[in-house]
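What follows is the content of start-v6.cif, which has mmCIF, C-alpha atoms and all ligand atoms:
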data_input
#
loop_
_atom_site.label_atom_id
_atom_site.label_comp_id
_atom_site.auth_asym_id
_atom_site.auth_seq_id
_atom_site.Cartn_x
_atom_site.Cartn_y
_atom_site.Cartn_z
CA MET A 1 -24.67 -21.60 -36.82
CA THR A 2 -23.38 -23.19 -33.64
CA LYS A 3 -20.92 -21.13 -31.68
CA HIS A 4 -17.41 -22.39 -31.02
CA ILE A 5 -16.42 -23.35 -27.48
CA LEU A 6 -13.08 -23.76 -25.71
CA LEU A 7 -11.94 -25.48 -22.56
CA ALA A 8 -9.85 -23.38 -20.18
CA ILE A 9 -7.60 -24.84 -17.50
CA GLU A 10 -6.14 -22.97 -14.51
CA SER A 11 -3.72 -24.46 -11.99
CA SER A 12 -1.24 -21.67 -11.25
CA CYS A 13 -1.52 -21.77 -7.46
CA ASP A 14 -3.83 -23.69 -5.13
CA GLU A 15 -7.03 -23.88 -7.15
CA THR A 16 -7.57 -26.59 -9.75
CA ALA A 17 -10.04 -25.08 -12.19
CA ALA A 18 -11.59 -25.73 -15.59
CA ALA A 19 -14.24 -23.87 -17.55
CA VAL A 20 -16.00 -24.08 -20.88
CA VAL A 21 -16.37 -20.69 -22.53
CA ARG A 22 -18.20 -19.84 -25.75
CA GLU A 23 -16.65 -17.55 -28.39
CA ASP A 24 -19.11 -14.79 -27.47
CA GLY A 25 -17.70 -14.90 -23.90
CA LYS A 26 -20.58 -16.82 -22.31
CA VAL A 27 -19.32 -19.10 -19.55
CA LEU A 28 -21.07 -22.47 -19.99
CA SER A 29 -19.43 -24.06 -16.94
CA SER A 30 -16.84 -23.19 -14.32
CA ILE A 31 -15.46 -25.65 -11.80
CA VAL A 32 -13.05 -24.58 -9.05
CA ALA A 33 -11.58 -27.19 -6.68
CA SER A 34 -9.97 -25.23 -3.90
CA GLN A 35 -7.10 -26.75 -1.92
CA HIS A 36 -7.48 -24.39 1.05
CA GLU A 37 -8.08 -27.24 3.48
CA LEU A 38 -4.76 -28.85 2.48
CA HIS A 39 -2.74 -25.72 3.25
CA ILE A 40 -4.55 -24.50 6.38
CA GLU A 41 -2.17 -26.08 8.87
CA TRP A 42 0.82 -24.42 7.16
CA GLY A 43 -0.75 -20.94 6.99
CA GLY A 44 0.10 -20.62 3.30
CA VAL A 45 0.43 -22.57 0.08
CA VAL A 46 3.01 -25.39 0.15
CA PRO A 47 4.12 -25.81 -3.50
CA GLU A 48 4.73 -29.57 -3.39
CA ILE A 49 1.38 -30.26 -1.73
CA ALA A 50 -0.30 -28.01 -4.32
CA SER A 51 1.28 -29.83 -7.30
CA ARG A 52 0.29 -33.24 -5.99
CA ALA A 53 -3.28 -32.14 -5.36
CA HIS A 54 -3.49 -30.72 -8.90
CA VAL A 55 -2.37 -34.09 -10.29
CA ARG A 56 -5.15 -35.85 -8.40
CA ARG A 57 -7.85 -33.32 -9.27
CA ILE A 58 -7.17 -32.12 -12.79
CA LEU A 59 -8.98 -34.87 -14.69
CA PRO A 60 -12.12 -34.94 -12.49
CA VAL A 61 -12.29 -31.14 -12.69
CA ILE A 62 -12.00 -31.14 -16.51
CA LYS A 63 -14.61 -33.90 -16.76
CA ALA A 64 -16.98 -31.95 -14.49
CA ALA A 65 -16.54 -28.78 -16.57
CA LEU A 66 -17.36 -30.65 -19.78
CA ARG A 67 -20.33 -32.40 -18.15
CA ASP A 68 -21.77 -29.14 -16.75
CA ALA A 69 -21.44 -27.52 -20.18
CA ASP A 70 -23.14 -30.54 -21.68
CA CYS A 71 -20.38 -31.14 -24.21
CA THR A 72 -17.75 -33.72 -25.12
CA PRO A 73 -14.03 -33.21 -25.84
CA GLN A 74 -14.85 -33.54 -29.55
CA ASP A 75 -17.01 -30.40 -29.38
CA LEU A 76 -14.03 -28.25 -28.36
CA HIS A 77 -12.54 -25.75 -30.77
CA ALA A 78 -9.45 -24.95 -28.66
CA VAL A 79 -7.88 -25.53 -25.25
CA ALA A 80 -6.50 -22.67 -23.16
CA VAL A 81 -4.24 -22.94 -20.14
CA THR A 82 -2.53 -20.62 -17.66
CA THR A 83 1.23 -20.86 -18.12
CA GLU A 84 2.44 -17.74 -16.29
CA PRO A 85 3.07 -16.63 -13.62
CA GLY A 86 2.61 -19.13 -10.77
CA LEU A 87 4.11 -22.12 -9.00
CA VAL A 88 6.19 -24.14 -11.43
CA GLY A 89 4.92 -27.60 -10.43
CA SER A 90 1.31 -26.44 -10.35
CA LEU A 91 1.50 -24.74 -13.75
CA LEU A 92 3.08 -27.84 -15.28
CA VAL A 93 0.13 -30.03 -14.29
CA GLY A 94 -2.34 -27.78 -16.14
CA LEU A 95 -0.06 -27.37 -19.14
CA THR A 96 0.49 -31.11 -19.48
CA ALA A 97 -3.24 -31.77 -19.41
CA ALA A 98 -3.89 -29.00 -21.96
CA LYS A 99 -1.15 -30.18 -24.32
CA THR A 100 -2.45 -33.73 -24.16
CA MET A 101 -5.94 -32.60 -25.11
CA ALA A 102 -4.71 -30.25 -27.85
CA MET A 103 -2.56 -33.00 -29.34
CA SER A 104 -5.11 -35.80 -29.18
CA LEU A 105 -8.03 -33.66 -30.37
CA GLN A 106 -5.92 -31.79 -32.96
CA ILE A 107 -7.10 -28.38 -31.74
CA PRO A 108 -5.18 -25.14 -31.03
CA LEU A 109 -3.41 -24.68 -27.68
CA ILE A 110 -3.54 -21.16 -26.24
CA THR A 111 -1.34 -20.11 -23.33
CA VAL A 112 -2.77 -17.53 -20.96
CA ASN A 113 -1.11 -15.03 -18.66
CA HIS A 114 -2.87 -15.31 -15.31
CA VAL A 115 -2.45 -11.64 -14.43
CA GLU A 116 -3.88 -10.42 -17.73
CA ALA A 117 -6.78 -12.83 -17.18
CA HIS A 118 -7.48 -11.32 -13.73
CA ILE A 119 -7.92 -7.90 -15.38
CA TYR A 120 -9.95 -9.36 -18.26
CA ALA A 121 -12.35 -10.81 -15.66
CA CYS A 122 -13.57 -7.26 -14.87
CA GLY A 123 -15.19 -7.02 -18.30
CA MET A 124 -16.76 -10.46 -18.49
CA GLY A 125 -20.48 -10.24 -19.05
CA LEU A 126 -20.27 -6.61 -20.20
CA SER A 127 -21.19 -5.71 -23.74
CA GLN A 128 -18.42 -3.12 -24.12
CA SER A 129 -14.66 -3.52 -24.05
CA ILE A 130 -12.93 -2.41 -20.83
CA TYR A 131 -9.75 -1.37 -22.67
CA PRO A 132 -7.88 0.93 -22.51
CA CYS A 133 -7.79 1.10 -18.72
CA ALA A 134 -5.57 1.17 -15.68
CA GLY A 135 -5.44 -2.43 -14.43
CA PHE A 136 -4.75 -3.54 -10.87
CA VAL A 137 -4.18 -7.18 -9.94
CA VAL A 138 -4.09 -7.62 -6.20
CA SER A 139 -3.83 -11.18 -4.98
CA GLY A 140 -1.75 -13.59 -2.94
CA GLY A 141 1.10 -13.38 -5.43
CA HIS A 142 0.71 -9.94 -7.03
CA THR A 143 0.15 -6.31 -6.30
CA ASN A 144 0.62 -5.03 -9.82
CA LEU A 145 -0.56 -1.92 -11.61
CA TYR A 146 -0.77 -2.00 -15.40
CA ASP A 147 -1.27 0.28 -18.33
CA CYS A 148 -3.69 -1.89 -20.35
CA ARG A 149 -4.06 -0.76 -23.93
CA SER A 150 -5.81 -3.97 -24.92
CA ALA A 151 -6.46 -7.39 -23.39
CA ILE A 152 -3.06 -8.60 -24.53
CA GLU A 153 -1.02 -5.38 -24.23
CA CYS A 154 -0.56 -4.75 -20.53
CA LYS A 155 2.52 -2.89 -19.38
CA LEU A 156 3.59 -3.19 -15.75
CA ILE A 157 3.83 0.28 -14.17
CA GLY A 158 3.93 -0.47 -10.45
CA SER A 159 4.46 -3.37 -8.12
CA THR A 160 5.31 -4.41 -4.57
CA THR A 161 8.84 -4.19 -3.31
CA ASP A 162 8.29 -7.01 -0.81
CA ASP A 163 5.09 -8.91 0.10
CA ALA A 164 2.04 -8.99 -2.14
CA ALA A 165 -1.09 -7.53 -0.51
CA GLY A 166 -2.83 -10.92 -0.22
CA GLU A 167 0.34 -12.43 1.19
CA ALA A 168 0.30 -9.71 3.87
CA PHE A 169 -3.34 -10.57 4.69
CA ASP A 170 -2.34 -14.24 4.96
CA LYS A 171 0.73 -13.55 7.13
CA VAL A 172 -1.09 -11.14 9.43
CA ALA A 173 -3.87 -13.71 9.84
CA ARG A 174 -1.22 -16.18 10.90
CA ILE A 175 0.19 -13.74 13.46
CA LEU A 176 -3.34 -13.30 14.83
CA ASN A 177 -4.04 -17.05 14.78
CA LEU A 178 -6.84 -16.61 12.25
CA PRO A 179 -7.43 -19.33 9.64
CA TYR A 180 -5.97 -19.42 6.12
CA PRO A 181 -6.72 -17.82 3.68
CA GLY A 182 -6.16 -14.68 5.69
CA GLY A 183 -8.17 -12.23 3.60
CA PRO A 184 -11.66 -13.55 4.37
CA SER A 185 -10.83 -14.28 8.03
CA ILE A 186 -9.36 -10.81 8.62
CA GLN A 187 -12.34 -9.21 6.90
CA LYS A 188 -14.75 -11.13 9.14
CA THR A 189 -12.82 -10.51 12.36
CA ALA A 190 -12.35 -6.81 11.56
CA LEU A 191 -16.14 -6.31 11.59
CA THR A 192 -16.13 -6.18 15.40
CA GLY A 193 -12.80 -4.36 15.77
CA ASN A 194 -11.78 -0.76 16.39
CA PRO A 195 -9.34 0.20 13.62
CA ARG A 196 -8.10 3.26 15.59
CA ARG A 197 -6.90 1.43 18.73
CA PHE A 198 -3.51 0.59 17.23
CA LYS A 199 -1.83 3.14 15.01
CA MET A 200 -0.74 1.35 11.86
CA PRO A 201 1.73 2.66 9.27
CA ARG A 202 0.68 3.31 5.65
CA PRO A 203 3.92 2.35 3.83
CA LEU A 204 4.82 4.48 0.78
CA LEU A 205 1.41 6.18 0.89
CA HIS A 206 2.82 9.54 -0.15
CA SER A 207 5.86 8.36 -2.14
CA GLY A 208 4.30 9.73 -5.32
CA LYS A 209 5.31 6.45 -6.95
CA LEU A 210 3.34 3.39 -7.94
CA ASP A 211 5.21 0.96 -5.72
CA PHE A 212 3.93 -0.80 -2.62
CA SER A 213 5.46 -2.23 0.54
CA PHE A 214 3.65 -4.33 3.11
CA SER A 215 6.41 -5.86 5.23
CA GLY A 216 6.58 -2.84 7.61
CA LEU A 217 2.83 -2.94 8.15
CA LYS A 218 3.01 -6.67 8.82
CA THR A 219 5.82 -6.15 11.37
CA ALA A 220 3.82 -3.35 13.03
CA VAL A 221 0.95 -5.81 13.53
CA LEU A 222 3.38 -8.40 14.92
CA TYR A 223 4.81 -5.96 17.48
CA ALA A 224 1.38 -4.64 18.47
CA ALA A 225 0.17 -8.23 18.84
CA ARG A 226 3.09 -9.72 20.76
CA GLY A 227 5.26 -6.82 21.90
CA VAL A 228 8.71 -5.90 20.57
CA PRO A 229 11.26 -8.74 20.53
CA GLY A 230 12.81 -9.29 23.97
CA PRO A 231 12.21 -11.15 27.22
CA ASP A 232 8.73 -9.67 27.67
CA GLN A 233 7.50 -10.61 24.22
CA LEU A 234 4.25 -12.56 24.29
CA ALA A 235 4.02 -16.01 22.75
CA ASP A 236 0.47 -15.38 21.66
CA THR A 237 -1.90 -12.51 20.96
CA PRO A 238 -4.35 -11.64 23.76
CA ALA A 239 -7.87 -12.27 22.47
CA ASP A 240 -9.06 -8.71 23.07
CA ARG A 241 -6.50 -7.36 20.62
CA VAL A 242 -7.25 -9.61 17.66
CA ALA A 243 -10.31 -7.85 16.21
CA ASP A 244 -8.79 -4.38 16.71
CA LEU A 245 -5.55 -5.42 15.01
CA ALA A 246 -7.40 -7.06 12.12
CA ALA A 247 -9.45 -3.87 11.66
CA GLY A 248 -6.38 -1.60 11.94
CA PHE A 249 -4.39 -3.66 9.46
CA GLN A 250 -7.24 -3.89 6.97
CA GLU A 251 -7.89 -0.15 7.08
CA ALA A 252 -4.20 0.70 6.55
CA ALA A 253 -3.77 -1.81 3.69
CA VAL A 254 -6.95 -0.66 1.94
CA GLU A 255 -5.98 3.01 2.22
CA VAL A 256 -2.65 2.36 0.49
CA LEU A 257 -4.21 0.18 -2.23
CA VAL A 258 -6.87 2.74 -3.07
CA GLU A 259 -4.46 5.69 -3.09
CA LYS A 260 -2.07 3.93 -5.51
CA CYS A 261 -4.98 3.10 -7.80
CA ARG A 262 -5.98 6.77 -7.79
CA LEU A 263 -2.42 7.80 -8.62
CA ALA A 264 -2.13 5.25 -11.44
CA VAL A 265 -5.31 6.44 -13.14
CA ARG A 266 -4.19 10.08 -12.80
CA GLN A 267 -0.73 9.33 -14.22
CA LEU A 268 -2.09 7.32 -17.14
CA GLY A 269 -4.83 9.81 -17.90
CA TYR A 270 -7.44 7.08 -18.37
CA SER A 271 -10.98 7.33 -17.09
CA ARG A 272 -11.36 3.65 -16.23
CA LEU A 273 -9.81 1.43 -13.56
CA CYS A 274 -10.22 -2.37 -13.58
CA VAL A 275 -9.43 -4.32 -10.42
CA GLY A 276 -9.12 -8.09 -10.10
CA GLY A 277 -7.44 -10.77 -7.95
CA GLY A 278 -8.36 -12.33 -4.62
CA VAL A 279 -7.96 -9.18 -2.50
CA ALA A 280 -10.48 -7.43 -4.77
CA ALA A 281 -13.05 -9.60 -2.98
CA ASN A 282 -12.47 -7.49 0.15
CA GLN A 283 -15.64 -5.60 1.03
CA MET A 284 -13.95 -2.55 2.51
CA PHE A 285 -11.60 -2.28 -0.48
CA ARG A 286 -14.54 -2.47 -2.90
CA GLU A 287 -16.43 0.24 -1.00
CA GLU A 288 -13.41 2.58 -0.74
CA LEU A 289 -12.59 2.09 -4.43
CA THR A 290 -16.14 3.02 -5.36
CA ARG A 291 -15.95 6.14 -3.16
CA MET A 292 -12.63 7.17 -4.68
CA ALA A 293 -13.98 6.65 -8.20
CA LYS A 294 -16.90 8.96 -7.46
CA ARG A 295 -14.58 11.68 -6.13
CA GLU A 296 -12.24 11.33 -9.12
CA ARG A 297 -15.09 11.00 -11.61
CA ILE A 298 -13.70 7.80 -13.07
CA GLU A 299 -15.28 4.45 -13.78
CA VAL A 300 -14.15 1.57 -11.61
CA LEU A 301 -14.87 -2.01 -12.62
CA ILE A 302 -14.18 -4.61 -9.97
CA ALA A 303 -14.31 -8.26 -11.01
CA PRO A 304 -17.48 -10.05 -9.82
CA LEU A 305 -16.80 -11.89 -6.55
CA GLU A 306 -16.72 -15.36 -8.14
CA LEU A 307 -14.16 -14.13 -10.70
CA CYS A 308 -11.88 -12.33 -8.18
CA THR A 309 -10.25 -15.43 -6.75
CA ASP A 310 -8.64 -17.94 -9.07
CA ASN A 311 -10.87 -19.58 -11.65
CA ALA A 312 -10.63 -20.82 -15.23
CA ALA A 313 -13.53 -18.81 -16.66
CA MET A 314 -11.38 -15.68 -16.86
CA ALA A 315 -9.17 -17.56 -19.31
CA ALA A 316 -11.90 -16.51 -21.77
CA ILE A 317 -9.19 -14.00 -22.68
CA ALA A 318 -7.91 -16.88 -24.85
CA TRP A 319 -10.51 -15.94 -27.50
CA ASP A 320 -8.76 -12.56 -27.90
CA LEU A 321 -5.40 -14.33 -28.13
CA LEU A 322 -6.73 -16.75 -30.72
CA ALA A 323 -8.18 -13.89 -32.74
CA SER A 324 -4.76 -12.23 -32.82
CA GLY A 325 -3.11 -15.48 -33.94
CA ARG A 326 -1.34 -16.19 -30.66
CA VAL A 327 -1.51 -19.99 -30.79
CA ALA A 328 1.13 -21.89 -28.83
CA GLY A 329 3.13 -24.88 -30.01
CA LEU A 330 3.33 -28.20 -28.21
CA ASP A 331 6.78 -27.12 -27.00
CA ALA A 332 5.18 -24.36 -24.88
CA ASP A 333 6.69 -24.06 -21.42
CA VAL A 334 5.65 -22.48 -18.13
CA LEU A 335 7.00 -19.11 -16.99
CA PRO A 336 6.72 -19.21 -13.18
CA GLY A 337 8.12 -15.72 -12.52
CA LEU A 338 6.32 -12.52 -13.34
CA VAL A 339 7.23 -11.48 -16.86
CA ARG A 340 7.82 -7.77 -17.07
CA HIS A 341 5.27 -6.96 -19.72
CA ASP A 342 7.04 -3.77 -20.71
CA PHE A 343 9.79 -5.92 -22.19
CA ARG A 344 7.60 -8.60 -23.66
CA ASN A 345 5.38 -6.18 -25.52
CA ARG A 346 8.10 -3.77 -26.55
CA ARG A 347 8.16 -3.33 -30.25
CA PRO A 348 11.41 -2.88 -32.17
CA ASN A 349 12.34 0.79 -32.63
O1 LIG B 401 -6.29 -14.43 -6.86
P1 LIG B 401 -6.13 -15.44 -5.77
O2 LIG B 401 -7.24 -16.44 -5.56
O3 LIG B 401 -4.82 -16.27 -5.93
C1 LIG B 401 -3.60 -15.72 -6.33
O4 LIG B 401 -3.38 -15.61 -7.57
O5 LIG B 401 -2.86 -15.34 -5.39
O6 LIG B 401 -5.91 -14.61 -4.42
C2 LIG B 401 -5.75 -15.23 -3.18
C3 LIG B 401 -5.46 -14.16 -2.14
C4 LIG B 401 -5.12 -14.70 -0.76
O7 LIG B 401 -3.95 -14.08 -0.29
C5 LIG B 401 -6.34 -14.30 0.07
O8 LIG B 401 -6.04 -14.07 1.44
C6 LIG B 401 -6.78 -13.03 -0.62
O9 LIG B 401 -6.57 -13.28 -1.99
N1 LIG B 401 -8.19 -12.75 -0.36
C7 LIG B 401 -8.63 -11.66 0.31
C8 LIG B 401 -10.04 -11.79 0.42
N2 LIG B 401 -10.41 -12.95 -0.20
C9 LIG B 401 -9.27 -13.52 -0.69
N3 LIG B 401 -7.96 -10.62 0.83
C10 LIG B 401 -8.67 -9.67 1.48
N4 LIG B 401 -10.01 -9.75 1.66
C11 LIG B 401 -10.74 -10.77 1.14
N5 LIG B 401 -12.05 -10.83 1.34
ZN ZN B 402 -4.78 -15.23 -9.14
#

This structure in structure tokens:
Amino acid sequence: MTKHILLAIESSCDETAAAVVREDGKVLSSIVASQHELHIEWGGVVPEIASRAHVRRILPVIKAALRDADCTPQDLHAVAVTTEPGLVGSLLVGLTAAKTMAMSLQIPLITVNHVEAHIYACGMGLSQSIYPCAGFVVSGGHTNLYDCRSAIECKLIGSTTDDAAGEAFDKVARILNLPYPGGPSIQKTALTGNPRRFKMPRPLLHSGKLDFSFSGLKTAVLYAARGVPGPDQLADTPADRVADLAAGFQEAAVEVLVEKCRLAVRQLGYSRLCVGGGVAANQMFREELTRMAKRERIEVLIAPLELCTDNAAMAAIAWDLLASGRVAGLDADVLPGLVRHDFRNRRPN
């Protein structure tokens, strides 16, 4: 018997992506068209530029995903699309394409939560389920800890009070005149730096709570780079400071991220932690997480590198949604803001 396949579309931020995934979870194709080069000169994602680029790229990306999977639209059993959270204009491009295909092919439309998909990515390719687990999505838009009872029952238990971790990497890179996206360029620059030269704060490290704050750390880098505001403040960062600041920032950010993960797992009483999102690609973070997991005797699953940053393959979670009957109507809309899952999944008393 031939296995069913679905097409997944992802356009929540600055990657236009499409993938074909089989019902047993096998990824037959995965195309990611990154827009990084379009946003470099602005040091961050410009929503209007992102939406327009999605419009131009969505059809070629879908066609390439179908071609690589060696299938035609008529072979599809369903179409899945990210509808929350993300940039409104960007999400709408993906949703419009998905609705059009669902309507013309008369197949089910499944709407995917991008954050749940980032956690789901940790289990792709594994034979066993990763749930229940503590989930951590750490990216340019999120620094969220979840209590994940199943793929589609994730309750938010901790979040950032200001910048997301990836956003802090991007902003610090900008302060240091390093290219966007900041994460990879800070990681590379930090390799030659001395993380101890500048003393960096570890915001909320010992708060005992599952919340994060990165704006103070970012400001500490700014002051160490340029001096405190005033007549003597430097316009630019002296070259000899850049690597040391990148290393100091990275070490401080990673320490906080790992400690909050440890706390979350302890509080939830689970023995498994799943970490996804762009910042989970950070080498130092991956190493420190693994060390912490050994000390705590827990299992840590970090999404494979190609599934950390945005992609459509992780929308394979749509098979679980389909199995539980969560098919969307053609009136489905986008939900740009982060939905507090504790409310969405709350059952009536
Ligand atoms: O998951 P993602 O591709 O998009 C969002 O949903 O935000 O994450 C992008 C973020 C960016 O802020 C980028 O700087 C960060 O992930 N990032 C990294 C690394 N690679 C990407 N941060 C730290 N270290 C990295 N190696
Ligand atoms: Zn993401």

| query | Between atom CA of Gly182 of chain A and atom CA of Phe169 of chain A, what is the spacing in Å? | reply |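 Atom CA of Phe169 of chain A sits 5.1 Å away from atom CA of Gly182 of chain A.
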
| request: Give as a list in words each residue that has an atom at most 12 Å from (-22.1, -22.9, -18.6) in the file, counting all atoms listed in the file. | output: Ile5, Leu6, Leu7, Ala18, Ala19, Val20, Val21, Arg22, Gly25, Lys26, Val27, Leu28, Ser29, Ser30, Ile31, Ala64, Ala65, Leu66, Arg67, Asp68, Ala69, Asp70, Cys71 and Ala313 of chain A

Would you tabulate, counting all atoms listed in the file, all residues of chain A that have an atom at most 6 Å from an atom of ligand LIG 401 (chain B), showing the closest pair of atoms and their distance in Å to one decimal, sorted by chain then ascending number, as JSON lines?
{"residue": "A:Ser139", "atom": "CA", "partner": "B:LIG401", "partner_atom": "O6", "distance": 4.1}
{"residue": "A:Gly140", "atom": "CA", "partner": "B:LIG401", "partner_atom": "O5", "distance": 3.2}
{"residue": "A:Gly141", "atom": "CA", "partner": "B:LIG401", "partner_atom": "O5", "distance": 4.4}
{"residue": "A:Gly166", "atom": "CA", "partner": "B:LIG401", "partner_atom": "O7", "distance": 3.4}
{"residue": "A:Glu167", "atom": "CA", "partner": "B:LIG401", "partner_atom": "O7", "distance": 4.8}
{"residue": "A:Phe169", "atom": "CA", "partner": "B:LIG401", "partner_atom": "O8", "distance": 5.5}
{"residue": "A:Asp170", "atom": "CA", "partner": "B:LIG401", "partner_atom": "O8", "distance": 5.1}
{"residue": "A:Pro181", "atom": "CA", "partner": "B:LIG401", "partner_atom": "O8", "distance": 4.4}
{"residue": "A:Gly182", "atom": "CA", "partner": "B:LIG401", "partner_atom": "O8", "distance": 4.3}
{"residue": "A:Gly183", "atom": "CA", "partner": "B:LIG401", "partner_atom": "N3", "distance": 3.2}
{"residue": "A:Pro184", "atom": "CA", "partner": "B:LIG401", "partner_atom": "N5", "distance": 4.1}
{"residue": "A:Gln187", "atom": "CA", "partner": "B:LIG401", "partner_atom": "N4", "distance": 5.8}
{"residue": "A:Gly277", "atom": "CA", "partner": "B:LIG401", "partner_atom": "O1", "distance": 4.0}
{"residue": "A:Gly278", "atom": "CA", "partner": "B:LIG401", "partner_atom": "O9", "distance": 3.3}
{"residue": "A:Val279", "atom": "CA", "partner": "B:LIG401", "partner_atom": "N3", "distance": 3.6}
{"residue": "A:Ala281", "atom": "CA", "partner": "B:LIG401", "partner_atom": "N5", "distance": 4.6}
{"residue": "A:Asn282", "atom": "CA", "partner": "B:LIG401", "partner_atom": "N5", "distance": 3.6}
{"residue": "A:Thr309", "atom": "CA", "partner": "B:LIG401", "partner_atom": "O2", "distance": 3.4}
{"residue": "A:Asp310", "atom": "CA", "partner": "B:LIG401", "partner_atom": "O2", "distance": 4.1}

| request: Determine the nearest neighbour of Thr143 of chain A from the options A:Val46, A:Val242, A:Ala315, A:Val258, counting only C-alpha atoms. | output: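 The closest residue to Thr143 of chain A is A:Val258.
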
| query | Between atom CA of Ala280 of chain A and atom CA of Asp240 of chain A, what is the distance, to one decimal in Å? | reply |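 Value for the atom CA of Ala280 of chain A-atom CA of Asp240 of chain A distance: 27.9 Å.
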
Select the residues contacting ligand ZN 402 (chain B) at a distance of at most 10 Å, based on all atoms listed in the file, then format the selection as a short mmCIF file (atom, residue, chain, number, x, y, z; two decimals) with C-alpha atoms, keeping the file's coordinate frame.
data_model
loop_
_atom_site.label_atom_id
_atom_site.label_comp_id
_atom_site.auth_asym_id
_atom_site.auth_seq_id
_atom_site.Cartn_x
_atom_site.Cartn_y
_atom_site.Cartn_z
CA GLU A 10 -6.14 -22.97 -14.51
CA SER A 11 -3.72 -24.46 -11.99
CA SER A 12 -1.24 -21.67 -11.25
CA CYS A 13 -1.52 -21.77 -7.46
CA ASP A 14 -3.83 -23.69 -5.13
CA GLU A 15 -7.03 -23.88 -7.15
CA PRO A 85 3.07 -16.63 -13.62
CA GLY A 86 2.61 -19.13 -10.77
CA HIS A 114 -2.87 -15.31 -15.31
CA VAL A 115 -2.45 -11.64 -14.43
CA GLU A 116 -3.88 -10.42 -17.73
CA ALA A 117 -6.78 -12.83 -17.18
CA HIS A 118 -7.48 -11.32 -13.73
CA VAL A 137 -4.18 -7.18 -9.94
CA VAL A 138 -4.09 -7.62 -6.20
CA SER A 139 -3.83 -11.18 -4.98
CA GLY A 140 -1.75 -13.59 -2.94
CA GLY A 141 1.10 -13.38 -5.43
CA HIS A 142 0.71 -9.94 -7.03
CA GLY A 276 -9.12 -8.09 -10.10
CA GLY A 277 -7.44 -10.77 -7.95
CA GLY A 278 -8.36 -12.33 -4.62
CA VAL A 279 -7.96 -9.18 -2.50
CA LEU A 307 -14.16 -14.13 -10.70
CA CYS A 308 -11.88 -12.33 -8.18
CA THR A 309 -10.25 -15.43 -6.75
CA ASP A 310 -8.64 -17.94 -9.07
CA ASN A 311 -10.87 -19.58 -11.65
#

| Quick one: of A:Lys199, A:Ile110, A:Ile40, A:Thr82, who's nearest to Asp320 of chain A, counting only C-alpha atoms? |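 Smallest distance to Asp320 of chain A is found for A:Ile110.
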
| message | Between atom CA of Arg295 of chain A and atom CA of Ile152 of chain A, what distance in Å does the model show, to one decimal? | response |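 Between these atoms lies a distance of 29.7 Å.
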
| task | Excluding Gly208 of chain A and residues on its chain fewer than 3 positions from it, collect all residues at most 12 Å away from it, counting all atoms listed in the file, and give them as a list in words. | result |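 The neighbour list is Gly158, Pro203, Leu204, Leu205, Asp211, Phe212, Val256, Glu259, Lys260, Cys261, Arg262, Leu263, Ala264, Arg266 and Gln267 of chain A.
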
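Residue nearest Ile9 of chain A within the list A:Leu87, A:Ala243, A:Leu210, A:Leu59: A:Leu59 [criterion: smallest interatomic distance, all atoms listed in the file].
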
| request: Check the smallest atom-to-atom distance from each of A:Ala102, A:Ala303, A:Ala323, A:Ala332 to Leu126 of chain A using all atoms listed in the file, then report the winner. | output: A:Ala303

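Minimum atom-to-atom distances from A:Leu301, A:Cys133, A:Ile107, A:Lys218 to Asp147 of chain A were compared using all atoms listed in the file, and the lowest value belongs to A:Cys133.
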
| query | Which of these residues is nearest to Gly337 of chain A, using all atoms listed in the file: A:Met292, A:Met101, A:Leu76, A:Leu91? | reply |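 Closest to Gly337 of chain A, using all atoms listed in the file: A:Leu91.
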